[in-house]
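Structure data follow from coords39.cif (mmCIF, N, CA and C atoms; chains and numbers go by the auth columns):
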```cif
data_input
loop_
_atom_site.group_PDB
_atom_site.id
_atom_site.type_symbol
_atom_site.label_atom_id
_atom_site.label_comp_id
_atom_site.label_asym_id
_atom_site.label_seq_id
_atom_site.Cartn_x
_atom_site.Cartn_y
_atom_site.Cartn_z
_atom_site.B_iso_or_equiv
_atom_site.auth_seq_id
_atom_site.auth_asym_id
ATOM 1 N N ILE A 1 9.556 -5.009 -4.358 0.00 1 A
ATOM 2 C CA ILE A 1 8.826 -3.882 -4.913 0.00 1 A
ATOM 3 C C ILE A 1 9.584 -3.296 -6.103 0.00 1 A
ATOM 4 N N ARG A 2 10.895 -3.179 -5.986 0.00 2 A
ATOM 5 C CA ARG A 2 11.673 -2.598 -7.092 0.00 2 A
ATOM 6 C C ARG A 2 11.557 -3.408 -8.372 0.00 2 A
ATOM 7 N N SER A 3 11.450 -4.728 -8.216 0.00 3 A
ATOM 8 C CA SER A 3 11.352 -5.584 -9.402 0.00 3 A
ATOM 9 C C SER A 3 9.906 -5.713 -9.894 0.00 3 A
ATOM 10 N N GLU A 4 9.006 -4.990 -9.256 0.00 4 A
ATOM 11 C CA GLU A 4 7.581 -4.992 -9.595 0.00 4 A
ATOM 12 C C GLU A 4 6.954 -6.378 -9.446 0.00 4 A
ATOM 13 N N ASP A 5 7.479 -7.161 -8.529 0.00 5 A
ATOM 14 C CA ASP A 5 6.929 -8.475 -8.195 0.00 5 A
ATOM 15 C C ASP A 5 6.109 -8.281 -6.921 0.00 5 A
ATOM 16 N N TYR A 6 4.869 -7.818 -7.093 0.00 6 A
ATOM 17 C CA TYR A 6 4.089 -7.321 -5.972 0.00 6 A
ATOM 18 C C TYR A 6 3.466 -8.403 -5.094 0.00 6 A
ATOM 19 N N GLU A 7 3.176 -9.562 -5.645 0.00 7 A
ATOM 20 C CA GLU A 7 2.555 -10.615 -4.825 0.00 7 A
ATOM 21 C C GLU A 7 3.417 -11.003 -3.623 0.00 7 A
ATOM 22 N N PRO A 8 4.712 -11.322 -3.811 0.00 8 A
ATOM 23 C CA PRO A 8 5.534 -11.645 -2.638 0.00 8 A
ATOM 24 C C PRO A 8 5.691 -10.454 -1.691 0.00 8 A
ATOM 25 N N ALA A 9 5.730 -9.257 -2.247 0.00 9 A
ATOM 26 C CA ALA A 9 5.842 -8.064 -1.404 0.00 9 A
ATOM 27 C C ALA A 9 4.596 -7.903 -0.542 0.00 9 A
ATOM 28 N N ILE A 10 3.432 -8.134 -1.130 0.00 10 A
ATOM 29 C CA ILE A 10 2.175 -8.036 -0.377 0.00 10 A
ATOM 30 C C ILE A 10 2.151 -9.076 0.729 0.00 10 A
ATOM 31 N N GLU A 11 2.568 -10.282 0.404 0.00 11 A
ATOM 32 C CA GLU A 11 2.603 -11.345 1.410 0.00 11 A
ATOM 33 C C GLU A 11 3.557 -10.994 2.555 0.00 11 A
ATOM 34 N N PHE A 12 4.758 -10.524 2.208 0.00 12 A
ATOM 35 C CA PHE A 12 5.748 -10.163 3.219 0.00 12 A
ATOM 36 C C PHE A 12 5.251 -9.029 4.118 0.00 12 A
ATOM 37 N N PHE A 13 4.785 -7.945 3.511 0.00 13 A
ATOM 38 C CA PHE A 13 4.367 -6.794 4.308 0.00 13 A
ATOM 39 C C PHE A 13 3.062 -7.044 5.056 0.00 13 A
ATOM 40 N N SER A 14 2.228 -7.923 4.556 0.00 14 A
ATOM 41 C CA SER A 14 1.019 -8.309 5.304 0.00 14 A
ATOM 42 C C SER A 14 1.400 -8.988 6.611 0.00 14 A
ATOM 43 N N LYS A 15 2.334 -9.927 6.520 0.00 15 A
ATOM 44 C CA LYS A 15 2.793 -10.623 7.728 0.00 15 A
ATOM 45 C C LYS A 15 3.510 -9.661 8.670 0.00 15 A
ATOM 46 N N LEU A 16 4.337 -8.803 8.105 0.00 16 A
ATOM 47 C CA LEU A 16 5.094 -7.852 8.915 0.00 16 A
ATOM 48 C C LEU A 16 4.168 -6.915 9.689 0.00 16 A
ATOM 49 N N THR A 17 3.150 -6.395 9.019 0.00 17 A
ATOM 50 C CA THR A 17 2.254 -5.460 9.700 0.00 17 A
ATOM 51 C C THR A 17 1.339 -6.172 10.691 0.00 17 A
ATOM 52 N N GLN A 18 1.087 -7.452 10.475 0.00 18 A
ATOM 53 C CA GLN A 18 0.342 -8.224 11.482 0.00 18 A
ATOM 54 C C GLN A 18 1.160 -8.348 12.755 0.00 18 A
ATOM 55 N N ASP A 19 2.459 -8.632 12.579 0.00 19 A
ATOM 56 C CA ASP A 19 3.346 -8.794 13.729 0.00 19 A
ATOM 57 C C ASP A 19 3.704 -7.461 14.378 0.00 19 A
ATOM 58 N N ARG A 20 3.761 -6.421 13.570 0.00 20 A
ATOM 59 C CA ARG A 20 4.159 -5.089 14.058 0.00 20 A
ATOM 60 C C ARG A 20 3.160 -4.045 13.566 0.00 20 A
ATOM 61 N N PRO A 21 1.978 -3.992 14.179 0.00 21 A
ATOM 62 C CA PRO A 21 0.917 -3.115 13.672 0.00 21 A
ATOM 63 C C PRO A 21 1.234 -1.620 13.760 0.00 21 A
ATOM 64 N N ASN A 22 2.234 -1.243 14.524 0.00 22 A
ATOM 65 C CA ASN A 22 2.603 0.171 14.617 0.00 22 A
ATOM 66 C C ASN A 22 3.798 0.529 13.730 0.00 22 A
ATOM 67 N N TYR A 23 4.177 -0.385 12.862 0.00 23 A
ATOM 68 C CA TYR A 23 5.289 -0.139 11.940 0.00 23 A
ATOM 69 C C TYR A 23 4.744 0.548 10.686 0.00 23 A
ATOM 70 N N HIS A 24 4.738 1.857 10.718 0.00 24 A
ATOM 71 C CA HIS A 24 4.071 2.649 9.690 0.00 24 A
ATOM 72 C C HIS A 24 4.711 2.526 8.309 0.00 24 A
ATOM 73 N N ILE A 25 6.012 2.322 8.257 0.00 25 A
ATOM 74 C CA ILE A 25 6.665 2.150 6.957 0.00 25 A
ATOM 75 C C ILE A 25 6.206 0.836 6.320 0.00 25 A
ATOM 76 N N GLY A 26 5.972 -0.170 7.150 0.00 26 A
ATOM 77 C CA GLY A 26 5.428 -1.427 6.638 0.00 26 A
ATOM 78 C C GLY A 26 4.070 -1.220 5.995 0.00 26 A
ATOM 79 N N TRP A 27 3.224 -0.428 6.648 0.00 27 A
ATOM 80 C CA TRP A 27 1.901 -0.113 6.079 0.00 27 A
ATOM 81 C C TRP A 27 2.045 0.669 4.781 0.00 27 A
ATOM 82 N N LEU A 28 3.017 1.575 4.743 0.00 28 A
ATOM 83 C CA LEU A 28 3.257 2.367 3.539 0.00 28 A
ATOM 84 C C LEU A 28 3.649 1.457 2.378 0.00 28 A
ATOM 85 N N ARG A 29 4.581 0.544 2.621 0.00 29 A
ATOM 86 C CA ARG A 29 5.036 -0.374 1.564 0.00 29 A
ATOM 87 C C ARG A 29 3.913 -1.331 1.144 0.00 29 A
ATOM 88 N N LEU A 30 3.135 -1.804 2.113 0.00 30 A
ATOM 89 C CA LEU A 30 2.026 -2.705 1.804 0.00 30 A
ATOM 90 C C LEU A 30 0.985 -1.998 0.935 0.00 30 A
ATOM 91 N N GLY A 31 0.617 -0.797 1.319 0.00 31 A
ATOM 92 C CA GLY A 31 -0.356 -0.037 0.539 0.00 31 A
ATOM 93 C C GLY A 31 0.136 0.251 -0.870 0.00 31 A
ATOM 94 N N TYR A 32 1.404 0.610 -0.965 0.00 32 A
ATOM 95 C CA TYR A 32 1.994 0.880 -2.277 0.00 32 A
ATOM 96 C C TYR A 32 1.953 -0.374 -3.150 0.00 32 A
ATOM 97 N N ALA A 33 2.376 -1.505 -2.587 0.00 33 A
ATOM 98 C CA ALA A 33 2.409 -2.758 -3.345 0.00 33 A
ATOM 99 C C ALA A 33 1.002 -3.168 -3.779 0.00 33 A
ATOM 100 N N ARG A 34 0.045 -3.025 -2.883 0.00 34 A
ATOM 101 C CA ARG A 34 -1.334 -3.378 -3.247 0.00 34 A
ATOM 102 C C ARG A 34 -1.873 -2.476 -4.341 0.00 34 A
ATOM 103 N N ARG A 35 -1.578 -1.193 -4.241 0.00 35 A
ATOM 104 C CA ARG A 35 -2.066 -0.268 -5.268 0.00 35 A
ATOM 105 C C ARG A 35 -1.457 -0.595 -6.623 0.00 35 A
ATOM 106 N N GLU A 36 -0.163 -0.812 -6.640 0.00 36 A
ATOM 107 C CA GLU A 36 0.503 -1.110 -7.903 0.00 36 A
ATOM 108 C C GLU A 36 0.034 -2.442 -8.491 0.00 36 A
ATOM 109 N N ARG A 37 -0.193 -3.426 -7.652 0.00 37 A
ATOM 110 C CA ARG A 37 -0.721 -4.715 -8.116 0.00 37 A
ATOM 111 C C ARG A 37 -2.133 -4.514 -8.678 0.00 37 A
ATOM 112 N N ALA A 38 -2.929 -3.722 -7.989 0.00 38 A
ATOM 113 C CA ALA A 38 -4.304 -3.466 -8.431 0.00 38 A
ATOM 114 C C ALA A 38 -4.338 -2.842 -9.810 0.00 38 A
ATOM 115 N N VAL A 39 -3.468 -1.887 -10.049 0.00 39 A
ATOM 116 C CA VAL A 39 -3.431 -1.206 -11.342 0.00 39 A
ATOM 117 C C VAL A 39 -3.101 -2.199 -12.456 0.00 39 A
ATOM 118 N N ARG A 40 -2.284 -3.193 -12.145 0.00 40 A
ATOM 119 C CA ARG A 40 -1.888 -4.168 -13.155 0.00 40 A
ATOM 120 C C ARG A 40 -2.950 -5.239 -13.402 0.00 40 A
ATOM 121 N N VAL A 41 -3.708 -5.594 -12.370 0.00 41 A
ATOM 122 C CA VAL A 41 -4.707 -6.656 -12.556 0.00 41 A
ATOM 123 C C VAL A 41 -6.073 -6.113 -12.979 0.00 41 A
ATOM 124 N N ALA A 42 -6.351 -4.854 -12.715 0.00 42 A
ATOM 125 C CA ALA A 42 -7.675 -4.280 -12.972 0.00 42 A
ATOM 126 C C ALA A 42 -8.157 -4.419 -14.413 0.00 42 A
ATOM 127 N N PRO A 43 -7.298 -4.257 -15.424 0.00 43 A
ATOM 128 C CA PRO A 43 -7.811 -4.392 -16.791 0.00 43 A
ATOM 129 C C PRO A 43 -8.400 -5.777 -17.083 0.00 43 A
ATOM 130 N N ASP A 44 -7.874 -6.811 -16.433 0.00 44 A
ATOM 131 C CA ASP A 44 -8.359 -8.170 -16.671 0.00 44 A
ATOM 132 C C ASP A 44 -9.325 -8.666 -15.601 0.00 44 A
ATOM 133 N N ASP A 45 -9.222 -8.098 -14.405 0.00 45 A
ATOM 134 C CA ASP A 45 -10.050 -8.551 -13.283 0.00 45 A
ATOM 135 C C ASP A 45 -10.418 -7.339 -12.434 0.00 45 A
ATOM 136 N N ARG A 46 -11.445 -6.647 -12.875 0.00 46 A
ATOM 137 C CA ARG A 46 -11.842 -5.389 -12.228 0.00 46 A
ATOM 138 C C ARG A 46 -12.144 -5.563 -10.743 0.00 46 A
ATOM 139 N N ASP A 47 -12.867 -6.629 -10.372 0.00 47 A
ATOM 140 C CA ASP A 47 -13.249 -6.833 -8.973 0.00 47 A
ATOM 141 C C ASP A 47 -12.035 -6.995 -8.064 0.00 47 A
ATOM 142 N N SER A 48 -11.048 -7.759 -8.513 0.00 48 A
ATOM 143 C CA SER A 48 -9.818 -7.929 -7.724 0.00 48 A
ATOM 144 C C SER A 48 -9.061 -6.611 -7.610 0.00 48 A
ATOM 145 N N GLY A 49 -9.027 -5.873 -8.708 0.00 49 A
ATOM 146 C CA GLY A 49 -8.353 -4.573 -8.684 0.00 49 A
ATOM 147 C C GLY A 49 -8.996 -3.613 -7.701 0.00 49 A
ATOM 148 N N VAL A 50 -10.311 -3.560 -7.701 0.00 50 A
ATOM 149 C CA VAL A 50 -11.037 -2.675 -6.774 0.00 50 A
ATOM 150 C C VAL A 50 -10.808 -3.109 -5.330 0.00 50 A
ATOM 151 N N ALA A 51 -10.847 -4.411 -5.084 0.00 51 A
ATOM 152 C CA ALA A 51 -10.624 -4.915 -3.722 0.00 51 A
ATOM 153 C C ALA A 51 -9.225 -4.560 -3.234 0.00 51 A
ATOM 154 N N LEU A 52 -8.224 -4.721 -4.100 0.00 52 A
ATOM 155 C CA LEU A 52 -6.852 -4.361 -3.714 0.00 52 A
ATOM 156 C C LEU A 52 -6.720 -2.865 -3.460 0.00 52 A
ATOM 157 N N LEU A 53 -7.366 -2.062 -4.284 0.00 53 A
ATOM 158 C CA LEU A 53 -7.303 -0.609 -4.089 0.00 53 A
ATOM 159 C C LEU A 53 -7.934 -0.194 -2.767 0.00 53 A
ATOM 160 N N LYS A 54 -9.041 -0.816 -2.411 0.00 54 A
ATOM 161 C CA LYS A 54 -9.681 -0.489 -1.134 0.00 54 A
ATOM 162 C C LYS A 54 -8.781 -0.865 0.040 0.00 54 A
ATOM 163 N N LEU A 55 -8.112 -2.001 -0.065 0.00 55 A
ATOM 164 C CA LEU A 55 -7.166 -2.394 0.987 0.00 55 A
ATOM 165 C C LEU A 55 -5.985 -1.420 1.037 0.00 55 A
ATOM 166 N N ALA A 56 -5.516 -0.998 -0.131 0.00 56 A
ATOM 167 C CA ALA A 56 -4.399 -0.052 -0.189 0.00 56 A
ATOM 168 C C ALA A 56 -4.761 1.265 0.487 0.00 56 A
ATOM 169 N N VAL A 57 -5.972 1.735 0.269 0.00 57 A
ATOM 170 C CA VAL A 57 -6.430 2.981 0.902 0.00 57 A
ATOM 171 C C VAL A 57 -6.381 2.837 2.426 0.00 57 A
ATOM 172 N N GLN A 58 -6.827 1.702 2.940 0.00 58 A
ATOM 173 C CA GLN A 58 -6.798 1.457 4.388 0.00 58 A
ATOM 174 C C GLN A 58 -5.357 1.384 4.906 0.00 58 A
ATOM 175 N N ASP A 59 -4.502 0.663 4.175 0.00 59 A
ATOM 176 C CA ASP A 59 -3.100 0.538 4.584 0.00 59 A
ATOM 177 C C ASP A 59 -2.424 1.898 4.646 0.00 59 A
ATOM 178 N N LEU A 60 -2.651 2.689 3.632 0.00 60 A
ATOM 179 C CA LEU A 60 -1.982 3.988 3.558 0.00 60 A
ATOM 180 C C LEU A 60 -2.528 4.970 4.584 0.00 60 A
ATOM 181 N N ALA A 61 -3.766 4.813 4.985 0.00 61 A
ATOM 182 C CA ALA A 61 -4.303 5.638 6.070 0.00 61 A
ATOM 183 C C ALA A 61 -3.587 5.300 7.381 0.00 61 A
ATOM 184 N N LYS A 62 -3.289 4.018 7.586 0.00 62 A
ATOM 185 C CA LYS A 62 -2.535 3.617 8.784 0.00 62 A
ATOM 186 C C LYS A 62 -1.109 4.147 8.711 0.00 62 A
ATOM 187 N N ALA A 63 -0.524 4.125 7.527 0.00 63 A
ATOM 188 C CA ALA A 63 0.839 4.631 7.354 0.00 63 A
ATOM 189 C C ALA A 63 0.930 6.117 7.669 0.00 63 A
ATOM 190 N N ALA A 64 -0.151 6.841 7.483 0.00 64 A
ATOM 191 C CA ALA A 64 -0.156 8.293 7.697 0.00 64 A
ATOM 192 C C ALA A 64 -0.050 8.681 9.167 0.00 64 A
ATOM 193 N N HIS A 65 -0.062 7.696 10.056 0.00 65 A
ATOM 194 C CA HIS A 65 0.098 7.989 11.489 0.00 65 A
ATOM 195 C C HIS A 65 1.557 8.021 11.916 0.00 65 A
ATOM 196 N N HIS A 66 2.470 7.988 10.968 0.00 66 A
ATOM 197 C CA HIS A 66 3.903 8.054 11.259 0.00 66 A
ATOM 198 C C HIS A 66 4.208 9.357 11.980 0.00 66 A
ATOM 199 N N VAL A 67 5.199 9.336 12.876 0.00 67 A
ATOM 200 C CA VAL A 67 5.537 10.553 13.622 0.00 67 A
ATOM 201 C C VAL A 67 6.247 11.595 12.751 0.00 67 A
ATOM 202 N N ASP A 68 6.914 11.164 11.711 0.00 68 A
ATOM 203 C CA ASP A 68 7.644 12.065 10.824 0.00 68 A
ATOM 204 C C ASP A 68 6.680 12.629 9.778 0.00 68 A
ATOM 205 N N VAL A 69 6.594 13.947 9.704 0.00 69 A
ATOM 206 C CA VAL A 69 5.639 14.582 8.794 0.00 69 A
ATOM 207 C C VAL A 69 5.940 14.275 7.322 0.00 69 A
ATOM 208 N N GLU A 70 7.192 14.029 6.984 0.00 70 A
ATOM 209 C CA GLU A 70 7.502 13.694 5.593 0.00 70 A
ATOM 210 C C GLU A 70 6.909 12.341 5.217 0.00 70 A
ATOM 211 N N TYR A 71 6.963 11.379 6.128 0.00 71 A
ATOM 212 C CA TYR A 71 6.348 10.080 5.868 0.00 71 A
ATOM 213 C C TYR A 71 4.827 10.184 5.895 0.00 71 A
ATOM 214 N N GLN A 72 4.303 11.051 6.736 0.00 72 A
ATOM 215 C CA GLN A 72 2.859 11.280 6.736 0.00 72 A
ATOM 216 C C GLN A 72 2.424 11.805 5.370 0.00 72 A
ATOM 217 N N ALA A 73 3.158 12.780 4.884 0.00 73 A
ATOM 218 C CA ALA A 73 2.824 13.383 3.594 0.00 73 A
ATOM 219 C C ALA A 73 2.918 12.355 2.470 0.00 73 A
ATOM 220 N N LEU A 74 3.956 11.521 2.515 0.00 74 A
ATOM 221 C CA LEU A 74 4.111 10.492 1.495 0.00 74 A
ATOM 222 C C LEU A 74 2.941 9.507 1.546 0.00 74 A
ATOM 223 N N ALA A 75 2.537 9.131 2.739 0.00 75 A
ATOM 224 C CA ALA A 75 1.406 8.203 2.884 0.00 75 A
ATOM 225 C C ALA A 75 0.120 8.816 2.328 0.00 75 A
ATOM 226 N N TRP A 76 -0.135 10.080 2.626 0.00 76 A
ATOM 227 C CA TRP A 76 -1.339 10.734 2.099 0.00 76 A
ATOM 228 C C TRP A 76 -1.273 10.865 0.583 0.00 76 A
ATOM 229 N N TYR A 77 -0.081 11.152 0.072 0.00 77 A
ATOM 230 C CA TYR A 77 0.094 11.257 -1.381 0.00 77 A
ATOM 231 C C TYR A 77 -0.192 9.915 -2.055 0.00 77 A
ATOM 232 N N GLU A 78 0.410 8.842 -1.529 0.00 78 A
ATOM 233 C CA GLU A 78 0.194 7.518 -2.108 0.00 78 A
ATOM 234 C C GLU A 78 -1.276 7.110 -1.984 0.00 78 A
ATOM 235 N N ARG A 79 -1.907 7.472 -0.875 0.00 79 A
ATOM 236 C CA ARG A 79 -3.334 7.171 -0.676 0.00 79 A
ATOM 237 C C ARG A 79 -4.181 7.913 -1.711 0.00 79 A
ATOM 238 N N SER A 80 -3.824 9.151 -2.000 0.00 80 A
ATOM 239 C CA SER A 80 -4.602 9.913 -2.986 0.00 80 A
ATOM 240 C C SER A 80 -4.515 9.251 -4.368 0.00 80 A
ATOM 241 N N LYS A 81 -3.388 8.641 -4.677 0.00 81 A
ATOM 242 C CA LYS A 81 -3.249 7.944 -5.951 0.00 81 A
ATOM 243 C C LYS A 81 -4.133 6.701 -5.990 0.00 81 A
ATOM 244 N N ALA A 82 -4.226 5.998 -4.860 0.00 82 A
ATOM 245 C CA ALA A 82 -5.105 4.829 -4.789 0.00 82 A
ATOM 246 C C ALA A 82 -6.565 5.253 -4.946 0.00 82 A
ATOM 247 N N LEU A 83 -6.934 6.337 -4.279 0.00 83 A
ATOM 248 C CA LEU A 83 -8.309 6.838 -4.403 0.00 83 A
ATOM 249 C C LEU A 83 -8.605 7.289 -5.837 0.00 83 A
ATOM 250 N N TYR A 84 -7.632 7.877 -6.485 0.00 84 A
ATOM 251 C CA TYR A 84 -7.807 8.286 -7.872 0.00 84 A
ATOM 252 C C TYR A 84 -8.137 7.074 -8.752 0.00 84 A
ATOM 253 N N HIS A 85 -7.412 5.973 -8.546 0.00 85 A
ATOM 254 C CA HIS A 85 -7.660 4.779 -9.351 0.00 85 A
ATOM 255 C C HIS A 85 -9.008 4.146 -9.040 0.00 85 A
ATOM 256 N N LEU A 86 -9.466 4.308 -7.801 0.00 86 A
ATOM 257 C CA LEU A 86 -10.807 3.803 -7.468 0.00 86 A
ATOM 258 C C LEU A 86 -11.865 4.569 -8.244 0.00 86 A
#
```
Any chance you could put this one into C-alpha cells?
Amino acid sequence: IRSEDYEPAIEFFSKLTQDRPNYHIGWLRLGYARRERAVRVAPDDRDSGVALLKLAVQDLAKAAHHVDVEYQALAWYERSKALYHL
C-alpha cells in the first residue's frame, strides 16, 4: 500500500479477509486499497473504477465493526471518501 502498488495489496487482503472474516483491519486495508486503485483506473476505465469503489464501500462498512472506536471512525471516514468518489 505504501508503494501505491494496489493490485497485489488487493489480492493479499482479499485472501486474508476470506480466511479471517472478522479481521477488521484487513477489511480496512482492503477497502482503502480498492478505493485508491479505483481512483487511479477510473479516468481510463470508468466501469472498473465504479465497481472497485462499490466493493471498497462494502469492505469499509465491515471494517467499521471494529471494537476500537478509533478504528471504527477511521473506517467510516475512509468509507465516506469512497462514497464521495462514487
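Distance-wise, atom C of Arg35 of chain A and atom C of Leu52 of chain A end up 6.5 Å apart.
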Check your understanding: Using all atoms listed in the file, which residues sit within 7 Å of Ala38 of chain A once same-chain residues fewer than 5 positions away are excluded, as a ChimeraX atom specification?
Key -> /A:33,43,48-50,52-53
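Once the PyMOL selection byres ((chain A and resi 23-31) around 5) is applied to this file, the selection holds Arg20, Pro21, Asn22, Tyr32, Ala33, Arg34, Arg35, Ala56, Asp59, Leu60 and Ala63 of chain A.
Taking atom CA of Asp45 of chain A and atom CA of Ala9 of chain A as endpoints, the distance between them is 19.8 Å.
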Revision key, fill the gap. note - atom CA of Ala51 of chain A and atom CA of Phe13 of chain A are separated by 17.1 Å
Which residues are near Tyr6 of chain A? Cut-off 6 Å, only N, CA and C atoms, ignore same chain within fewer than 5 positions. Put them as a compact mmCIF listing (two decimals) with N, CA and C atoms, keeping the file's coordinate frame.
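And here's result-v8.txt as it stands now:
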```txt
# COMPACT_ATOMS: atom_id res chain seq x y z
N ILE A 1 9.56 -5.01 -4.36
CA ILE A 1 8.83 -3.88 -4.91
C ILE A 1 9.58 -3.30 -6.10
N GLU A 11 2.57 -10.28 0.40
CA GLU A 11 2.60 -11.34 1.41
C GLU A 11 3.56 -10.99 2.56
N ALA A 33 2.38 -1.50 -2.59
CA ALA A 33 2.41 -2.76 -3.34
C ALA A 33 1.00 -3.17 -3.78
N ARG A 37 -0.19 -3.43 -7.65
CA ARG A 37 -0.72 -4.72 -8.12
C ARG A 37 -2.13 -4.51 -8.68
```
Revision key, fill the gap. Residue with the minimum atom-to-atom distance to Gln58 of chain A, picked from A:Arg79, A:Arg40, A:Lys15, A:Arg2 with only C-alpha atoms counted, is A:Arg79
Exercise for review: Mind listing the helix (DSSP H, G or I) residues of chain A, per DSSP on the backbone, as a ChimeraX atom specification?
Suggested key: /A:6-19,24-41,46-63,69-85
Review point. Nearest to Val39 of chain A: which of A:Ala73, A:His66, A:Ser80, A:His85 is it, counting all atoms listed in the file?
Key: A:His85
